[in-house]
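Raw protein32.pdb, PDB, C-alpha atoms, pLDDT in the B column:
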ATOM      1  CA  MET A  17     -11.376 -28.871  85.227  1.00 51.00           C
ATOM      2  CA  ARG A  18      -8.552 -26.803  83.726  1.00 52.00           C
ATOM      3  CA  ARG A  19      -9.745 -27.578  80.196  1.00 51.00           C
ATOM      4  CA  THR A  20     -13.251 -26.429  81.078  1.00 47.00           C
ATOM      5  CA  LEU A  21     -11.951 -23.176  82.531  1.00 41.00           C
ATOM      6  CA  LEU A  22      -9.679 -22.624  79.552  1.00 40.00           C
ATOM      7  CA  ALA A  23     -12.590 -23.200  77.168  1.00 43.00           C
ATOM      8  CA  LEU A  24     -14.799 -20.777  79.112  1.00 41.00           C
ATOM      9  CA  ILE A  25     -12.072 -18.133  79.135  1.00 51.00           C
ATOM     10  CA  ALA A  26     -11.474 -18.531  75.391  1.00 46.00           C
ATOM     11  CA  LEU A  27     -15.127 -18.751  74.330  1.00 44.00           C
ATOM     12  CA  GLY A  28     -16.642 -16.237  76.757  1.00 46.00           C
ATOM     13  CA  PRO A  29     -15.858 -13.121  74.693  1.00 43.00           C
ATOM     14  CA  LEU A  30     -17.176 -14.824  71.554  1.00 38.00           C
ATOM     15  CA  ALA A  31     -20.503 -15.569  73.237  1.00 41.00           C
ATOM     16  CA  VAL A  32     -20.831 -11.957  74.360  1.00 36.00           C
ATOM     17  CA  ALA A  33     -19.978 -10.673  70.856  1.00 39.00           C
ATOM     18  CA  ALA A  34     -22.513 -13.028  69.265  1.00 39.00           C
ATOM     19  CA  ALA A  35     -25.225 -11.894  71.665  1.00 38.00           C
ATOM     20  CA  ALA A  36     -24.464  -8.246  70.953  1.00 40.00           C
ATOM     21  CA  ALA A  37     -24.547  -8.851  67.194  1.00 45.00           C
ATOM     22  CA  ALA A  38     -27.936 -10.547  67.515  1.00 41.00           C
ATOM     23  CA  ASP A  39     -29.505  -7.533  69.255  1.00 50.00           C
ATOM     24  CA  PRO A  40     -31.969  -5.656  67.049  1.00 57.00           C
ATOM     25  CA  ALA A  41     -31.598  -1.940  66.422  1.00 62.00           C
ATOM     26  CA  PRO A  42     -32.572   0.128  69.472  1.00 72.00           C
ATOM     27  CA  PRO A  43     -36.058   1.708  69.470  1.00 78.00           C
ATOM     28  CA  GLY A  44     -36.147   4.921  67.450  1.00 80.00           C
ATOM     29  CA  SER A  45     -33.399   3.758  65.121  1.00 92.00           C
ATOM     30  CA  GLY A  46     -33.006   1.958  61.831  1.00 96.00           C
ATOM     31  CA  THR A  47     -30.361  -0.098  60.113  1.00 96.00           C
ATOM     32  CA  LEU A  48     -27.988   0.862  57.314  1.00 97.00           C
ATOM     33  CA  THR A  49     -26.434  -1.917  55.249  1.00 97.00           C
ATOM     34  CA  VAL A  50     -23.753  -1.177  52.665  1.00 97.00           C
ATOM     35  CA  ARG A  51     -22.582  -3.632  50.029  1.00 97.00           C
ATOM     36  CA  ALA A  52     -19.329  -3.535  48.082  1.00 97.00           C
ATOM     37  CA  ILE A  53     -19.651  -5.536  44.860  1.00 96.00           C
ATOM     38  CA  THR A  54     -18.077  -6.059  41.465  1.00 95.00           C
ATOM     39  CA  GLY A  55     -19.190  -7.660  38.211  1.00 89.00           C
ATOM     40  CA  LEU A  56     -22.547  -8.296  36.580  1.00 85.00           C
ATOM     41  CA  GLU A  57     -23.263 -11.181  38.930  1.00 87.00           C
ATOM     42  CA  PRO A  58     -22.496  -9.319  42.144  1.00 90.00           C
ATOM     43  CA  ILE A  59     -19.263 -10.656  43.563  1.00 95.00           C
ATOM     44  CA  PRO A  60     -18.436  -9.383  47.074  1.00 96.00           C
ATOM     45  CA  VAL A  61     -15.529  -7.002  47.578  1.00 96.00           C
ATOM     46  CA  ASN A  62     -13.782  -7.472  50.922  1.00 96.00           C
ATOM     47  CA  ARG A  63     -12.145  -4.668  52.967  1.00 96.00           C
ATOM     48  CA  ALA A  64     -13.800  -1.638  51.361  1.00 97.00           C
ATOM     49  CA  GLU A  65     -14.061   1.130  53.950  1.00 98.00           C
ATOM     50  CA  ILE A  66     -17.222   3.235  53.919  1.00 98.00           C
ATOM     51  CA  THR A  67     -17.626   6.339  56.054  1.00 98.00           C
ATOM     52  CA  VAL A  68     -21.105   7.441  57.131  1.00 98.00           C
ATOM     53  CA  THR A  69     -21.770  11.098  57.962  1.00 98.00           C
ATOM     54  CA  ALA A  70     -24.896  13.019  58.907  1.00 97.00           C
ATOM     55  CA  CYS A  71     -26.261  14.888  55.853  1.00 96.00           C
ATOM     56  CA  GLY A  72     -24.821  18.368  55.451  1.00 93.00           C
ATOM     57  CA  THR A  73     -21.993  17.788  57.931  1.00 95.00           C
ATOM     58  CA  ASP A  74     -18.524  16.290  58.019  1.00 93.00           C
ATOM     59  CA  GLN A  75     -19.297  14.556  61.341  1.00 94.00           C
ATOM     60  CA  VAL A  76     -18.481  10.859  60.945  1.00 97.00           C
ATOM     61  CA  VAL A  77     -21.112   8.761  62.722  1.00 97.00           C
ATOM     62  CA  ALA A  78     -19.839   5.341  61.593  1.00 97.00           C
ATOM     63  CA  THR A  79     -17.004   3.733  59.681  1.00 98.00           C
ATOM     64  CA  LEU A  80     -17.868   0.400  58.085  1.00 98.00           C
ATOM     65  CA  VAL A  81     -15.556  -2.178  56.519  1.00 98.00           C
ATOM     66  CA  SER A  82     -17.043  -4.725  54.142  1.00 97.00           C
ATOM     67  CA  GLY A  83     -16.560  -8.328  55.172  1.00 97.00           C
ATOM     68  CA  LYS A  84     -16.095 -11.489  53.124  1.00 96.00           C
ATOM     69  CA  ASP A  85     -19.715 -11.231  51.969  1.00 97.00           C
ATOM     70  CA  GLY A  86     -19.060  -7.650  50.797  1.00 97.00           C
ATOM     71  CA  SER A  87     -21.444  -6.090  53.309  1.00 97.00           C
ATOM     72  CA  ALA A  88     -21.429  -4.253  56.620  1.00 98.00           C
ATOM     73  CA  THR A  89     -24.330  -3.107  58.804  1.00 97.00           C
ATOM     74  CA  VAL A  90     -24.822  -0.484  61.504  1.00 97.00           C
ATOM     75  CA  ALA A  91     -27.785   0.711  63.590  1.00 96.00           C
ATOM     76  CA  LEU A  92     -28.304   4.473  63.319  1.00 97.00           C
ATOM     77  CA  PRO A  93     -30.730   6.992  64.822  1.00 96.00           C
ATOM     78  CA  ILE A  94     -33.501   8.244  62.541  1.00 96.00           C
ATOM     79  CA  GLY A  95     -32.179  10.804  60.077  1.00 96.00           C
ATOM     80  CA  CYS A  96     -30.440  11.594  56.807  1.00 97.00           C
ATOM     81  CA  TYR A  97     -26.975  10.159  56.156  1.00 98.00           C
ATOM     82  CA  GLU A  98     -24.376  10.053  53.414  1.00 97.00           C
ATOM     83  CA  ALA A  99     -22.229   6.971  52.861  1.00 98.00           C
ATOM     84  CA  ARG A 100     -18.968   7.364  50.946  1.00 97.00           C
ATOM     85  CA  VAL A 101     -16.201   4.893  50.082  1.00 97.00           C
ATOM     86  CA  THR A 102     -13.004   6.125  51.723  1.00 96.00           C
ATOM     87  CA  THR A 103     -10.707   3.139  51.144  1.00 96.00           C
ATOM     88  CA  VAL A 104     -10.695   1.092  47.947  1.00 95.00           C
ATOM     89  CA  PRO A 105      -9.197  -2.408  48.271  1.00 94.00           C
ATOM     90  CA  GLY A 106      -6.028  -3.160  46.290  1.00 92.00           C
ATOM     91  CA  GLY A 107      -6.595  -4.294  42.717  1.00 93.00           C
ATOM     92  CA  CYS A 108      -9.955  -2.472  42.524  1.00 94.00           C
ATOM     93  CA  GLY A 109     -11.223   0.880  41.373  1.00 95.00           C
ATOM     94  CA  LEU A 110     -14.442   2.578  42.436  1.00 95.00           C
ATOM     95  CA  ASN A 111     -16.945   2.987  39.580  1.00 93.00           C
ATOM     96  CA  ASP A 112     -18.919   5.907  41.084  1.00 88.00           C
ATOM     97  CA  ARG A 113     -17.343   8.304  43.569  1.00 88.00           C
ATOM     98  CA  GLU A 114     -20.570  10.092  44.538  1.00 92.00           C
ATOM     99  CA  PRO A 115     -21.808   9.439  48.082  1.00 95.00           C
ATOM    100  CA  ALA A 116     -25.079   7.592  48.616  1.00 96.00           C
ATOM    101  CA  ARG A 117     -27.703   9.750  50.376  1.00 97.00           C
ATOM    102  CA  LEU A 118     -29.957   7.682  52.644  1.00 97.00           C
ATOM    103  CA  ASP A 119     -32.908   8.345  54.938  1.00 97.00           C
ATOM    104  CA  VAL A 120     -32.991   6.022  57.934  1.00 97.00           C
ATOM    105  CA  ALA A 121     -36.460   5.491  59.449  1.00 95.00           C
ATOM    106  CA  ALA A 122     -37.388   3.718  62.683  1.00 94.00           C
ATOM    107  CA  GLY A 123     -37.480  -0.054  62.407  1.00 93.00           C
ATOM    108  CA  THR A 124     -36.393  -0.155  58.760  1.00 94.00           C
ATOM    109  CA  GLU A 125     -33.296  -1.173  56.844  1.00 96.00           C
ATOM    110  CA  VAL A 126     -31.865   0.981  54.061  1.00 97.00           C
ATOM    111  CA  ARG A 127     -29.217  -0.295  51.686  1.00 97.00           C
ATOM    112  CA  ALA A 128     -26.518   1.239  49.559  1.00 96.00           C
ATOM    113  CA  ASP A 129     -24.511  -0.651  46.947  1.00 96.00           C
ATOM    114  CA  PHE A 130     -21.057   0.497  45.859  1.00 96.00           C
ATOM    115  CA  ARG A 131     -19.753  -0.976  42.592  1.00 96.00           C
ATOM    116  CA  PHE A 132     -16.083  -1.599  42.002  1.00 96.00           C
ATOM    117  CA  GLY A 133     -14.080  -2.706  39.009  1.00 94.00           C
ATOM    118  CA  CYS A 134     -11.550  -5.282  40.180  1.00 91.00           C
ATOM    119  CA  ALA A 135      -8.766  -7.029  38.296  1.00 81.00           C
TER
END

Represent the structure of the file as structure tokens.
Amino acid sequence: MRRTLLALIALGPLAVAAAAAADPAPPGSGTLTVRAITGLEPIPVNRAEITVTACGTDQVVATLVSGKDGSATVALPIGCYEARVTTVPGGCGLNDREPARLDVAAGTEVRADFRFGCA
């Protein structure tokens, strides 16, 4: 009985997080996926931080950190956004410092790739 309770206590938050991650974008929103890559055959770059702001403002609407697969995703309301790398992982340099300008539409996914040169 104790083992069952311990397992439920330990795994409960994981089940809730997995269910939340599986939820689609809310109605009237779209999805933004950023990818941090290096090399000709895209190799993922982990721990790149990308800040997303509404176009024409400095208001940060999301901060994304690339995972082991080099990507991160967020649901956003319909609108224009700029994504900019704010933290470059150690041993890497950012190839292009210009922000990516993206238009998010309802029910769609937009993508932005950021290329790094890594040692």

(request) List the residues selected by the PyMOL selection byres ((chain A and resi 126) around 9) in the file shown, writing them as a PyMOL selection string. (result) chain A and resi 46-50+118-121+124-125+127-128

(message) Quick check, in Å to one decimal: how far apart do atom CA of A:Thr67 and atom CA of A:Pro115 lie?
(response)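 Going from atom CA of A:Thr67 over to atom CA of A:Pro115 covers 9.5 Å.
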
(request) Please evaluate the PyMOL selection byres ((chain A and resi 104) around 6) against the displayed coordinates and give the resulting residues as a list in words. (result)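 When the PyMOL selection byres ((chain A and resi 104) around 6) is applied to the shown file, the picked residues are Ala64, Thr103 and Pro105 of chain A.
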
Box along x, y and z, 4 Å on every side, all listed atoms of stretch 50-61 of chain A inside: centre and edge lengths in Å to one decimal, as JSON.
{"center_x": -19.6, "center_y": -6.2, "center_z": 44.6, "size_x": 16.2, "size_y": 18.0, "size_z": 24.1}

Which residues would end up in the selection if the PyMOL selection byres ((chain A and resi 106) around 12) were applied here, given that I need the answer as a JSON list (two decimals) with C-alpha atoms, in the coordinates of the input?
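Result file expr_4.json:
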[["chain", "number", "residue", "atom", "x", "y", "z"],
["A", 61, "VAL", "CA", -15.53, -7.00, 47.58],
["A", 62, "ASN", "CA", -13.78, -7.47, 50.92],
["A", 63, "ARG", "CA", -12.14, -4.67, 52.97],
["A", 64, "ALA", "CA", -13.80, -1.64, 51.36],
["A", 65, "GLU", "CA", -14.06, 1.13, 53.95],
["A", 103, "THR", "CA", -10.71, 3.14, 51.14],
["A", 104, "VAL", "CA", -10.70, 1.09, 47.95],
["A", 105, "PRO", "CA", -9.20, -2.41, 48.27],
["A", 107, "GLY", "CA", -6.60, -4.29, 42.72],
["A", 108, "CYS", "CA", -9.96, -2.47, 42.52],
["A", 109, "GLY", "CA", -11.22, 0.88, 41.37],
["A", 110, "LEU", "CA", -14.44, 2.58, 42.44],
["A", 132, "PHE", "CA", -16.08, -1.60, 42.00],
["A", 133, "GLY", "CA", -14.08, -2.71, 39.01],
["A", 134, "CYS", "CA", -11.55, -5.28, 40.18],
["A", 135, "ALA", "CA", -8.77, -7.03, 38.30]]

(request) Mind checking which residues fall within 10 Å of A:Ile66, counting only C-alpha atoms, ignoring those fewer than 4 positions away in the same chain, and posting them as a PyMOL selection string? (result) chain A and resi 50-52+78-82+88+98-104+115+130

(request) Considering only C-alpha atoms, state which residue in the set A:Asn111, A:Ile94, A:Gly83, A:Val76 is at the smallest distance from A:Pro43. (result)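 The closest residue to A:Pro43 is A:Ile94.
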
(request) Take atom CA of A:Arg131 and atom CA of A:Ile59 and report the distance between them in Å, one decimal. (result)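 The value is 9.7 Å.
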
(request) Grab the atom CA of A:Cys71 to atom CA of A:Cys96 distance for me, in Å with one decimal place. (result)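 Separating atom CA of A:Cys71 from atom CA of A:Cys96 is a distance of 5.4 Å.
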
(request) Rank A:Gly44, A:Ala70, A:Pro58, A:Asp85 by their smallest atom-to-atom distance to A:Arg117, using only C-alpha atoms, and report the top residue only. (result)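 Going through A:Gly44, A:Ala70, A:Pro58, A:Asp85 one by one, the smallest distance to A:Arg117 is for A:Ala70.
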